[in-house]
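*Asks:* Contents of work07.tsv (TSV, C-alpha atoms):
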```tsv
chain	number	residue	atom	x	y	z
A	1	MET	CA	21.50	176.09	-80.58
A	2	PHE	CA	18.64	178.15	-79.11
A	3	ALA	CA	16.05	176.24	-81.16
A	4	LYS	CA	17.42	172.89	-79.93
A	5	ALA	CA	17.30	174.02	-76.29
A	6	ALA	CA	13.74	175.29	-76.75
A	7	LYS	CA	12.72	171.93	-78.25
A	8	ILE	CA	14.21	170.05	-75.28
A	9	LEU	CA	12.44	172.35	-72.82
A	10	LYS	CA	9.16	171.80	-74.68
A	11	ILE	CA	9.55	168.01	-74.46
A	12	VAL	CA	10.37	168.24	-70.74
A	13	ALA	CA	7.38	170.51	-70.15
A	14	ILE	CA	5.03	168.15	-72.00
A	15	ASN	CA	6.31	165.16	-70.03
A	16	LEU	CA	5.87	167.03	-66.77
A	17	LEU	CA	2.32	167.99	-67.71
A	18	VAL	CA	1.54	164.35	-68.60
A	19	LEU	CA	3.02	163.20	-65.30
A	20	LEU	CA	1.02	165.85	-63.42
A	21	ALA	CA	-2.17	164.75	-65.17
A	22	LEU	CA	-1.49	161.13	-64.20
A	23	VAL	CA	-0.87	162.11	-60.56
A	24	VAL	CA	-4.09	164.15	-60.46
A	25	ALA	CA	-6.02	161.26	-62.01
A	26	ALA	CA	-4.53	158.83	-59.48
A	27	GLU	CA	-5.38	161.16	-56.61
A	28	LEU	CA	-8.98	161.56	-57.76
A	29	TRP	CA	-9.41	157.82	-58.36
A	30	PHE	CA	-7.53	156.35	-55.40
A	31	GLY	CA	-7.49	159.24	-52.94
A	32	THR	CA	-10.34	160.30	-50.68
A	33	TRP	CA	-10.66	163.93	-51.78
A	34	LEU	CA	-14.23	163.45	-52.99
A	35	SER	CA	-15.37	161.05	-50.27
A	36	SER	CA	-17.62	162.09	-47.39
A	37	ASP	CA	-17.15	158.77	-45.58
A	38	PRO	CA	-15.04	159.31	-42.41
A	39	LEU	CA	-13.74	155.74	-42.70
A	40	ASP	CA	-11.93	156.70	-45.91
A	41	LYS	CA	-9.72	159.13	-44.01
A	42	LEU	CA	-7.63	156.26	-42.66
A	43	GLY	CA	-7.05	154.44	-45.94
A	44	LEU	CA	-8.62	151.51	-44.13
A	45	PRO	CA	-8.72	148.15	-45.98
A	46	ARG	CA	-12.39	147.17	-46.18
A	47	GLY	CA	-14.43	144.57	-48.00
A	48	ILE	CA	-11.41	142.45	-48.94
A	49	ALA	CA	-10.58	138.75	-48.93
A	50	THR	CA	-7.34	137.03	-49.81
A	51	THR	CA	-5.52	133.76	-49.21
A	52	ILE	CA	-2.65	133.73	-46.71
A	53	ASP	CA	0.00	131.01	-46.59
A	54	ALA	CA	1.52	130.43	-43.15
A	55	SER	CA	3.10	127.07	-43.94
A	56	SER	CA	6.66	128.42	-43.71
A	57	LEU	CA	6.13	130.16	-40.37
A	58	TYR	CA	5.15	127.46	-37.88
A	59	ALA	CA	4.37	123.75	-37.62
A	60	GLY	CA	0.83	123.07	-38.74
A	61	GLY	CA	0.59	126.37	-40.55
A	62	GLY	CA	-1.25	126.23	-43.85
A	63	THR	CA	-3.42	128.46	-45.99
A	64	HIS	CA	-6.43	130.37	-44.76
A	65	ARG	CA	-8.74	133.13	-45.92
A	66	PHE	CA	-8.01	136.57	-44.55
A	67	ARG	CA	-11.06	138.83	-44.63
A	68	ARG	CA	-11.97	142.35	-43.68
A	69	ASP	CA	-15.62	143.29	-43.71
A	70	ARG	CA	-17.21	146.50	-44.96
A	71	TRP	CA	-16.45	148.20	-41.64
A	72	GLY	CA	-12.77	147.22	-41.59
A	73	PHE	CA	-13.03	144.51	-38.92
A	74	ARG	CA	-11.30	141.22	-39.48
A	75	GLY	CA	-13.74	138.49	-40.52
A	76	GLU	CA	-17.44	139.38	-40.63
A	77	VAL	CA	-18.91	141.30	-37.71
A	78	ASP	CA	-22.34	142.71	-36.88
A	79	PRO	CA	-21.39	146.01	-35.19
A	80	THR	CA	-24.61	146.07	-33.16
A	81	GLN	CA	-23.60	142.81	-31.43
A	82	VAL	CA	-20.02	143.77	-30.53
A	83	ALA	CA	-19.25	143.92	-26.81
A	84	ILE	CA	-15.45	144.22	-27.04
A	85	VAL	CA	-13.30	145.90	-29.68
A	86	THR	CA	-9.59	145.10	-29.79
A	87	ILE	CA	-7.16	147.61	-31.30
A	88	GLY	CA	-3.46	147.11	-31.88
A	89	GLY	CA	-0.88	146.34	-34.54
A	90	SER	CA	0.12	143.09	-36.19
A	91	THR	CA	0.02	141.19	-32.89
A	92	THR	CA	-3.68	142.08	-32.71
A	93	ASN	CA	-4.48	141.61	-36.40
A	94	GLN	CA	-2.62	138.24	-36.56
A	95	LEU	CA	-2.47	138.08	-40.34
A	96	TYR	CA	-0.87	134.62	-40.39
A	97	LEU	CA	-3.40	132.97	-38.09
A	98	ALA	CA	-6.78	131.72	-39.26
A	99	GLU	CA	-9.79	133.63	-37.92
A	100	ASP	CA	-10.71	130.90	-35.44
A	101	GLN	CA	-7.12	130.75	-34.13
A	102	THR	CA	-6.74	134.43	-33.20
A	103	TRP	CA	-6.73	135.33	-29.53
A	104	GLN	CA	-10.01	137.18	-30.08
A	105	ALA	CA	-11.71	133.98	-31.27
A	106	VAL	CA	-10.20	132.02	-28.38
A	107	MET	CA	-11.37	134.74	-26.01
A	108	GLU	CA	-14.95	134.45	-27.27
A	109	ARG	CA	-14.94	130.66	-26.82
A	110	ARG	CA	-13.43	130.86	-23.34
A	111	LEU	CA	-15.96	133.49	-22.26
A	112	ALA	CA	-18.74	131.16	-23.42
A	113	GLU	CA	-17.20	128.36	-21.34
A	114	LEU	CA	-17.27	130.71	-18.36
A	115	GLY	CA	-20.97	131.38	-18.83
A	116	ARG	CA	-20.67	134.58	-20.85
A	117	ASP	CA	-22.40	133.40	-24.02
A	118	GLY	CA	-22.80	135.71	-26.99
A	119	VAL	CA	-19.93	138.08	-26.18
A	120	VAL	CA	-18.68	139.24	-29.58
A	121	VAL	CA	-15.04	140.37	-29.76
A	122	ALA	CA	-14.19	142.45	-32.84
A	123	ASN	CA	-10.66	142.48	-34.23
A	124	ALA	CA	-9.69	146.00	-35.33
A	125	GLY	CA	-5.96	145.35	-35.45
A	126	ILE	CA	-3.93	146.93	-38.27
A	127	ASP	CA	-0.39	145.81	-39.08
A	128	GLY	CA	2.19	148.41	-38.11
A	129	GLN	CA	-0.26	150.58	-36.19
A	130	SER	CA	0.88	152.39	-33.06
A	131	THR	CA	-1.06	154.50	-30.57
A	132	ILE	CA	-0.93	157.30	-33.13
A	133	GLY	CA	-2.94	155.07	-35.46
A	134	HIS	CA	-5.21	154.05	-32.57
A	135	LEU	CA	-5.96	157.71	-31.89
A	136	LYS	CA	-6.94	158.15	-35.53
A	137	ALA	CA	-9.09	155.04	-35.30
A	138	MET	CA	-10.94	156.55	-32.34
A	139	GLU	CA	-11.47	159.73	-34.34
A	140	ASN	CA	-12.17	158.63	-37.92
A	141	TRP	CA	-13.09	154.96	-37.70
A	142	LEU	CA	-14.80	153.30	-34.76
A	143	PRO	CA	-17.17	156.13	-33.72
A	144	HIS	CA	-18.49	156.19	-37.30
A	145	VAL	CA	-19.40	152.49	-37.58
A	146	PRO	CA	-23.22	152.38	-37.45
A	147	GLY	CA	-24.56	150.62	-34.37
A	148	LEU	CA	-21.13	150.04	-32.79
A	149	LYS	CA	-21.41	150.56	-29.03
A	150	PRO	CA	-18.83	148.31	-27.35
A	151	ARG	CA	-18.60	148.05	-23.58
A	152	PHE	CA	-14.83	147.67	-23.68
A	153	VAL	CA	-11.99	148.64	-26.01
A	154	ILE	CA	-8.87	146.54	-25.45
A	155	VAL	CA	-5.66	148.38	-26.40
A	156	TYR	CA	-2.80	145.94	-27.06
A	157	ALA	CA	0.07	148.36	-27.60
A	158	GLY	CA	3.70	149.13	-26.86
A	159	ILE	CA	5.85	147.26	-29.38
A	160	ASN	CA	5.29	149.57	-32.36
A	161	ASP	CA	5.42	152.73	-30.25
A	162	ILE	CA	9.07	152.13	-29.41
A	163	HIS	CA	10.05	153.21	-32.91
A	164	ILE	CA	7.88	156.33	-33.22
A	165	THR	CA	9.91	159.47	-33.85
A	166	GLY	CA	9.81	162.84	-35.54
A	167	ALA	CA	6.91	163.53	-37.88
A	168	TRP	CA	4.94	160.54	-36.62
A	169	VAL	CA	4.51	162.26	-33.25
A	170	ASP	CA	3.55	165.48	-35.07
A	171	ASP	CA	0.38	163.70	-36.23
A	172	LEU	CA	-1.04	164.45	-32.79
A	173	LYS	CA	-0.95	168.21	-33.36
A	174	GLN	CA	-3.97	170.27	-34.38
A	175	GLN	CA	-5.37	169.90	-37.88
A	176	SER	CA	-3.23	171.56	-40.52
A	177	LEU	CA	-3.17	171.79	-44.31
A	178	VAL	CA	-0.21	169.41	-44.47
A	179	LYS	CA	-2.00	166.89	-42.26
A	180	ILE	CA	-5.18	167.07	-44.35
A	181	ILE	CA	-3.21	166.51	-47.56
A	182	ARG	CA	-1.35	163.53	-46.06
A	183	GLN	CA	-4.61	161.94	-44.89
A	184	GLN	CA	-6.42	162.25	-48.22
A	185	SER	CA	-3.60	161.86	-50.74
A	186	ALA	CA	-3.23	158.46	-52.41
A	187	VAL	CA	0.37	159.16	-53.48
A	188	LEU	CA	1.53	160.39	-50.08
A	189	GLY	CA	-0.37	157.55	-48.42
A	190	LEU	CA	1.53	155.05	-50.56
A	191	ILE	CA	4.83	156.73	-49.70
A	192	ASP	CA	3.95	156.63	-45.98
A	193	ARG	CA	3.13	152.91	-46.19
A	194	LEU	CA	6.35	152.11	-48.07
A	195	THR	CA	8.52	154.05	-45.62
A	196	GLY	CA	6.66	152.34	-42.78
A	197	LEU	CA	7.48	148.94	-44.26
A	198	VAL	CA	11.15	149.89	-44.50
A	199	ALA	CA	11.16	151.10	-40.88
A	200	ALA	CA	9.39	147.93	-39.72
A	201	LYS	CA	11.90	145.78	-41.58
A	202	ARG	CA	14.79	147.64	-39.99
A	203	ALA	CA	13.23	147.27	-36.54
A	204	ARG	CA	12.52	143.57	-37.17
A	205	LEU	CA	8.76	144.07	-36.79
A	206	THR	CA	7.89	142.09	-39.92
A	207	HIS	CA	6.97	138.40	-40.14
A	208	GLU	CA	10.30	136.57	-40.41
A	209	PRO	CA	10.38	133.01	-39.01
A	210	VAL	CA	13.08	132.19	-36.47
A	211	ASP	CA	14.71	128.78	-36.29
A	212	TRP	CA	14.44	128.50	-32.53
A	213	ALA	CA	16.39	125.22	-32.46
A	214	LYS	CA	19.45	127.09	-33.68
A	215	ALA	CA	18.82	130.33	-31.80
A	216	GLN	CA	21.74	131.91	-29.92
A	217	TRP	CA	20.96	133.72	-26.67
A	218	THR	CA	22.82	136.45	-24.82
A	219	GLU	CA	22.55	138.46	-21.62
A	220	VAL	CA	24.39	141.47	-23.07
A	221	PRO	CA	22.63	144.23	-25.06
A	222	ASN	CA	24.06	145.26	-28.41
A	223	LYS	CA	23.30	148.95	-27.79
A	224	PRO	CA	22.94	149.74	-24.08
A	225	ASP	CA	22.84	153.48	-24.83
A	226	TRP	CA	20.40	153.20	-27.73
A	227	ARG	CA	17.97	155.63	-26.09
A	228	SER	CA	20.58	158.37	-26.16
A	229	ASP	CA	20.59	158.64	-29.97
A	230	GLN	CA	16.92	159.69	-29.89
A	231	THR	CA	15.81	157.15	-32.48
A	232	ALA	CA	13.11	155.79	-30.18
A	233	SER	CA	9.92	157.26	-28.84
A	234	HIS	CA	10.19	158.65	-25.33
A	235	PRO	CA	7.92	156.96	-22.76
A	236	GLU	CA	6.50	160.35	-21.74
A	237	SER	CA	5.13	160.89	-25.25
A	238	TYR	CA	3.70	157.38	-25.12
A	239	ARG	CA	1.99	158.12	-21.79
A	240	GLN	CA	0.43	161.25	-23.25
A	241	ARG	CA	-0.95	159.28	-26.19
A	242	LEU	CA	-2.38	156.61	-23.90
A	243	THR	CA	-4.09	159.24	-21.76
A	244	LEU	CA	-5.61	160.87	-24.83
A	245	LEU	CA	-6.62	157.47	-26.16
A	246	ALA	CA	-8.42	156.66	-22.91
A	247	GLU	CA	-10.31	159.95	-23.18
A	248	ARG	CA	-11.47	159.15	-26.70
A	249	ILE	CA	-12.55	155.64	-25.74
A	250	HIS	CA	-14.54	157.03	-22.81
A	251	ALA	CA	-16.11	159.58	-25.16
A	252	MET	CA	-17.34	156.67	-27.26
A	253	GLY	CA	-19.09	155.27	-24.18
A	254	ALA	CA	-16.68	152.37	-23.67
A	255	VAL	CA	-14.20	151.37	-20.98
A	256	PRO	CA	-10.53	151.32	-22.05
A	257	VAL	CA	-8.50	148.24	-21.13
A	258	PHE	CA	-4.75	148.56	-21.61
A	259	VAL	CA	-2.78	145.33	-22.00
A	260	THR	CA	1.01	145.12	-21.76
A	261	GLN	CA	2.84	143.31	-24.54
A	262	PRO	CA	5.43	140.51	-24.56
A	263	ARG	CA	7.95	139.55	-27.23
A	264	GLY	CA	9.36	136.22	-28.33
A	265	ASP	CA	13.00	137.25	-28.56
A	266	TYR	CA	13.66	137.23	-24.83
A	267	ARG	CA	13.19	134.67	-22.08
A	268	VAL	CA	13.87	134.33	-18.36
A	269	VAL	CA	16.19	131.50	-17.33
A	270	GLY	CA	17.21	131.06	-13.70
A	271	GLY	CA	15.90	134.51	-12.88
A	272	LYS	CA	18.02	136.15	-15.62
A	273	VAL	CA	16.77	137.67	-18.85
A	274	GLN	CA	18.28	136.27	-22.03
A	275	GLY	CA	17.76	137.84	-25.43
A	276	LEU	CA	17.99	136.50	-28.95
A	277	ALA	CA	21.42	137.39	-30.30
A	278	ALA	CA	21.73	139.61	-33.36
A	279	ALA	CA	24.80	140.36	-35.45
A	280	ASP	CA	23.82	144.02	-35.78
A	281	GLY	CA	21.11	146.39	-34.66
A	282	LEU	CA	19.08	145.62	-31.55
A	283	ASN	CA	19.16	142.17	-30.01
A	284	GLY	CA	16.60	140.54	-27.73
A	285	ILE	CA	18.00	142.19	-24.60
A	286	ASP	CA	17.75	145.64	-26.21
A	287	HIS	CA	14.17	144.96	-27.23
A	288	TYR	CA	13.32	143.60	-23.78
A	289	ARG	CA	14.63	146.73	-22.07
A	290	LEU	CA	12.83	149.11	-24.43
A	291	LEU	CA	9.54	147.21	-24.30
A	292	ALA	CA	9.72	146.91	-20.51
A	293	GLU	CA	10.06	150.69	-20.42
A	294	MET	CA	6.89	151.11	-22.50
A	295	ASN	CA	5.00	148.53	-20.45
A	296	ARG	CA	5.94	150.39	-17.25
A	297	ALA	CA	4.61	153.56	-18.85
A	298	THR	CA	1.33	151.78	-19.61
A	299	LEU	CA	0.96	150.63	-16.01
A	300	GLN	CA	1.82	154.10	-14.73
A	301	VAL	CA	-0.90	155.72	-16.84
A	302	CYS	CA	-3.44	153.24	-15.50
A	303	HIS	CA	-2.32	153.97	-11.94
A	304	ASP	CA	-2.40	157.75	-12.39
A	305	GLU	CA	-5.70	157.87	-14.30
A	306	GLY	CA	-7.54	155.08	-12.49
A	307	LEU	CA	-7.76	152.93	-15.63
A	308	LEU	CA	-7.94	149.19	-16.07
A	309	CYS	CA	-4.60	147.59	-16.95
A	310	LEU	CA	-3.88	143.91	-17.51
A	311	ASP	CA	-0.20	143.05	-17.17
A	312	LEU	CA	-0.08	140.20	-19.66
A	313	ALA	CA	3.65	140.62	-20.32
A	314	ARG	CA	4.45	139.81	-16.68
A	315	GLU	CA	1.72	137.33	-15.79
A	316	VAL	CA	1.56	135.06	-18.83
A	317	VAL	CA	4.44	132.59	-19.20
A	318	PHE	CA	5.31	131.91	-22.82
A	319	GLU	CA	7.21	128.81	-23.84
A	320	PRO	CA	8.96	127.45	-26.95
A	321	GLY	CA	6.42	127.16	-29.71
A	322	ASP	CA	4.38	130.20	-28.62
A	323	PHE	CA	6.05	132.57	-31.12
A	324	TYR	CA	6.99	131.91	-34.74
A	325	ASP	CA	9.20	134.99	-34.94
A	326	ARG	CA	10.48	137.69	-32.61
A	327	LEU	CA	7.04	139.02	-31.68
A	328	HIS	CA	4.17	137.19	-33.44
A	329	ASN	CA	2.35	134.34	-31.78
A	330	THR	CA	1.60	130.90	-33.13
A	331	PRO	CA	-1.92	129.55	-32.59
A	332	GLN	CA	-0.58	128.00	-29.37
A	333	GLY	CA	0.62	131.35	-28.07
A	334	ALA	CA	-2.51	133.19	-29.21
A	335	ALA	CA	-4.62	130.66	-27.32
A	336	LYS	CA	-2.79	131.52	-24.10
A	337	ILE	CA	-3.51	135.22	-24.61
A	338	GLY	CA	-7.17	134.68	-25.45
A	339	ARG	CA	-7.86	132.42	-22.48
A	340	TRP	CA	-6.01	134.70	-20.05
A	341	LEU	CA	-7.88	137.82	-21.20
A	342	ALA	CA	-11.23	136.04	-21.04
A	343	GLU	CA	-10.60	134.90	-17.48
A	344	ARG	CA	-9.61	138.41	-16.40
A	345	LEU	CA	-12.64	140.06	-17.98
A	346	ALA	CA	-15.32	137.39	-17.48
A	347	GLY	CA	-16.64	139.05	-14.34
A	348	LEU	CA	-17.03	142.41	-16.11
A	349	VAL	CA	-18.64	141.66	-19.47
```
How does this structure look as structure tokens?
*Replies:*
Amino acid sequence: MFAKAAKILKIVAINLLVLLALVVAAELWFGTWLSSDPLDKLGLPRGIATTIDASSLYAGGGTHRFRRDRWGFRGEVDPTQVAIVTIGGSTTNQLYLAEDQTWQAVMERRLAELGRDGVVVANAGIDGQSTIGHLKAMENWLPHVPGLKPRFVIVYAGINDIHITGAWVDDLKQQSLVKIIRQQSAVLGLIDRLTGLVAAKRARLTHEPVDWAKAQWTEVPNKPDWRSDQTASHPESYRQRLTLLAERIHAMGAVPVFVTQPRGDYRVVGGKVQGLAAADGLNGIDHYRLLAEMNRATLQVCHDEGLLCLDLAREVVFEPGDFYDRLHNTPQGAAKIGRWLAERLAGLV
């Protein structure tokens, strides 16, 4: 009996040692423990190219090449020529739009039409990134790109910050052993990305096409007291992150430009807000109320700190065909954003 138990324990111990060896090997190969490159601290996708199929998302959508250059920017960018850097989440990255259809590309073309030739706009958007990720970008990414000295950094944020809670906010605390391990570990990084995907799916932040012809609209929120269950980021925390982000952008020698965000799952009809109905979870009215709260926080920070804010969510009118899902723009919608931003900034660049 004792010999059998000892044999089982030996087998378990050997398996655990093999598993530990595999984890260590994976960490050394895929992690950034041995890297001295600050850009590796973000797990930033660099030097990649893949084919994206947008044919199921919107009319006219097809396949296109999605690229990130050696510095992590979308497409191919000469850092020394960049005048404007844009940071944000998936609505900035625009994975399912071709490079020349993104609002950054439209912005460049419109600026040229307005007599501002040669203004290069770099796309530093990362899917799922919030202001916590933007703060890391301003610490470990953008300041370390050789020759990058933008005049402006456009921050297109708000949507992803609604769902920041708990440990995510703790990332803003001082450096700690746990934080260092999380930043450099390949295994923990994978776990963070997977849990982020699950959270994004639950919050309907992923790319899921909406059949707008069959959409049902409502003026009643599903969860009017959703804030009370503390599953959303508080606007005060968001304001603190924006203030810190502005400081880091200024430290880089650039001017921060905060831009409020819209969504596609609400609309204004006859002066009343209607939201896309949902059987469970948050509907369009819920999302409208929460995002409006974050946008007000953005404007308040700009007012209090004397920063430049562009209220795109209020001033740009979006129409059917401008979004392919609840928050991501079609080429038509992206063109509106790019032209509007160019016209607001043409006198400054």
*Asks:* Applying 8 Å and only C-alpha atoms, which residues near His144 in chain A remain after dropping the ones on its own chain fewer than 2 positions away? List them as a PyMOL selection string.
*Replies:* chain A and resi 38-39+140-142+146
*Asks:* What gap, in Å, lies between CA of His328 in chain A and CA of Arg67 in chain A?
*Replies:*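 That distance, rounded to one decimal, is 19.0 Å.
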*Asks:* Of the candidates A:Arg314, A:His303, A:Lys336, A:Lys223, which shows the shortest atom-to-atom distance to Asp286 in chain A, using all atoms listed in the file?
*Replies:*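 Going through A:Arg314, A:His303, A:Lys336, A:Lys223 one by one, the smallest distance to Asp286 in chain A is for A:Lys223.
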*Asks:* List the neighbours of Asp117 in chain A out to 12 Å using only C-alpha atoms; skip same-chain residues closer than 5 positions along the sequence, and give me the result as a PyMOL selection string.
*Replies:* chain A and resi 83+107-112+342+346+349
*Asks:* Using C-alpha atoms, can you export the residues from the last selection as a compact mmCIF listing (two decimals), in the frame of the given file?
*Replies:*
```txt
# COMPACT_ATOMS: atom_id res chain seq x y z
CA ALA A 83 -19.25 143.92 -26.81
CA MET A 107 -11.37 134.74 -26.01
CA GLU A 108 -14.95 134.45 -27.27
CA ARG A 109 -14.94 130.66 -26.82
CA ARG A 110 -13.43 130.86 -23.34
CA LEU A 111 -15.96 133.49 -22.26
CA ALA A 112 -18.74 131.16 -23.42
CA ALA A 342 -11.23 136.04 -21.04
CA ALA A 346 -15.32 137.39 -17.48
CA VAL A 349 -18.64 141.66 -19.47
```
*Asks:* Just to confirm, what's the straight-line distance from CA of Ile285 in chain A to CA of Glu315 in chain A in Å (one decimal)?
*Replies:*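 So the two atoms, CA of Ile285 in chain A and CA of Glu315 in chain A, lie 19.1 Å apart.
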*Asks:* Around the point (-11.7, 147.8, -24.0) in the file's coordinates, collect all residues with an atom within 12 Å, using all atoms listed in the file, and return them as a PDB file with C-alpha atoms, in the frame of the given file.
*Replies:*
```
ATOM      1  CA  VAL A  82     -20.020 143.770 -30.530  1.00  0.00           C
ATOM      2  CA  ALA A  83     -19.250 143.920 -26.810  1.00  0.00           C
ATOM      3  CA  ILE A  84     -15.450 144.220 -27.040  1.00  0.00           C
ATOM      4  CA  VAL A  85     -13.300 145.900 -29.680  1.00  0.00           C
ATOM      5  CA  THR A  86      -9.590 145.100 -29.790  1.00  0.00           C
ATOM      6  CA  ILE A  87      -7.160 147.610 -31.300  1.00  0.00           C
ATOM      7  CA  GLY A  88      -3.460 147.110 -31.880  1.00  0.00           C
ATOM      8  CA  VAL A 121     -15.040 140.370 -29.760  1.00  0.00           C
ATOM      9  CA  ALA A 122     -14.190 142.450 -32.840  1.00  0.00           C
ATOM     10  CA  ASN A 123     -10.660 142.480 -34.230  1.00  0.00           C
ATOM     11  CA  ALA A 124      -9.690 146.000 -35.330  1.00  0.00           C
ATOM     12  CA  LYS A 149     -21.410 150.560 -29.030  1.00  0.00           C
ATOM     13  CA  PRO A 150     -18.830 148.310 -27.350  1.00  0.00           C
ATOM     14  CA  ARG A 151     -18.600 148.050 -23.580  1.00  0.00           C
ATOM     15  CA  PHE A 152     -14.830 147.670 -23.680  1.00  0.00           C
ATOM     16  CA  VAL A 153     -11.990 148.640 -26.010  1.00  0.00           C
ATOM     17  CA  ILE A 154      -8.870 146.540 -25.450  1.00  0.00           C
ATOM     18  CA  VAL A 155      -5.660 148.380 -26.400  1.00  0.00           C
ATOM     19  CA  TYR A 156      -2.800 145.940 -27.060  1.00  0.00           C
ATOM     20  CA  LEU A 245      -6.620 157.470 -26.160  1.00  0.00           C
ATOM     21  CA  ALA A 246      -8.420 156.660 -22.910  1.00  0.00           C
ATOM     22  CA  ARG A 248     -11.470 159.150 -26.700  1.00  0.00           C
ATOM     23  CA  ILE A 249     -12.550 155.640 -25.740  1.00  0.00           C
ATOM     24  CA  HIS A 250     -14.540 157.030 -22.810  1.00  0.00           C
ATOM     25  CA  MET A 252     -17.340 156.670 -27.260  1.00  0.00           C
ATOM     26  CA  GLY A 253     -19.090 155.270 -24.180  1.00  0.00           C
ATOM     27  CA  ALA A 254     -16.680 152.370 -23.670  1.00  0.00           C
ATOM     28  CA  VAL A 255     -14.200 151.370 -20.980  1.00  0.00           C
ATOM     29  CA  PRO A 256     -10.530 151.320 -22.050  1.00  0.00           C
ATOM     30  CA  VAL A 257      -8.500 148.240 -21.130  1.00  0.00           C
ATOM     31  CA  PHE A 258      -4.750 148.560 -21.610  1.00  0.00           C
ATOM     32  CA  VAL A 259      -2.780 145.330 -22.000  1.00  0.00           C
ATOM     33  CA  LEU A 307      -7.760 152.930 -15.630  1.00  0.00           C
ATOM     34  CA  LEU A 308      -7.940 149.190 -16.070  1.00  0.00           C
ATOM     35  CA  CYS A 309      -4.600 147.590 -16.950  1.00  0.00           C
ATOM     36  CA  LEU A 310      -3.880 143.910 -17.510  1.00  0.00           C
ATOM     37  CA  LEU A 341      -7.880 137.820 -21.200  1.00  0.00           C
ATOM     38  CA  LEU A 345     -12.640 140.060 -17.980  1.00  0.00           C
ATOM     39  CA  LEU A 348     -17.030 142.410 -16.110  1.00  0.00           C
ATOM     40  CA  VAL A 349     -18.640 141.660 -19.470  1.00  0.00           C
TER      41      VAL A 349
END
```
*Asks:* When you count all atoms listed in the file, which of these residues is closest to Met138 in chain A: A:Gly89, A:Ala251, A:Asp78, A:Gly158?
*Replies:* A:Ala251
*Asks:* How many Å separate CA of Arg296 in chain A from CA of Tyr238 in chain A?
*Replies:*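 According to the coordinates, CA of Arg296 in chain A and CA of Tyr238 in chain A are separated by 10.8 Å.
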*Asks:* Find the residue from A:Gln104, A:Thr330, A:Thr218, A:Thr63 that sits nearest to Gly264 in chain A; use only C-alpha atoms when measuring.
*Replies:*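 Among the listed residues, the smallest separation from Gly264 in chain A belongs to A:Thr330.
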*Asks:* Between A:Asp225, A:Ala13, A:Gly147, A:Tyr324, single out the one closest to Ala54 in chain A, counting all atoms listed in the file.
*Replies:*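 For Ala54 in chain A, the nearest of the candidates is A:Tyr324.
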*Asks:* So that I can see what lies close to Ala213 in chain A, please list as a PDB file with C-alpha atoms, keeping the file's coordinate frame the residues with an atom at most 12 Å from it, counting all atoms listed in the file and leaving out residues fewer than 5 positions away in the same chain.
*Replies:*
```pdb
ATOM      1  CA  LEU A 276      17.990 136.500 -28.950  1.00  0.00           C
ATOM      2  CA  PRO A 320       8.960 127.450 -26.950  1.00  0.00           C
ATOM      3  CA  GLY A 321       6.420 127.160 -29.710  1.00  0.00           C
ATOM      4  CA  TYR A 324       6.990 131.910 -34.740  1.00  0.00           C
TER       5      TYR A 324
END
```
*Asks:* Of the candidates A:Ser56, A:Thr51, A:Arg116, A:Gln240, which one gets nearest to Ala98 in chain A if we count all atoms listed in the file?
*Replies:*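 Ranked by minimum distance to Ala98 in chain A, first place goes to A:Thr51.
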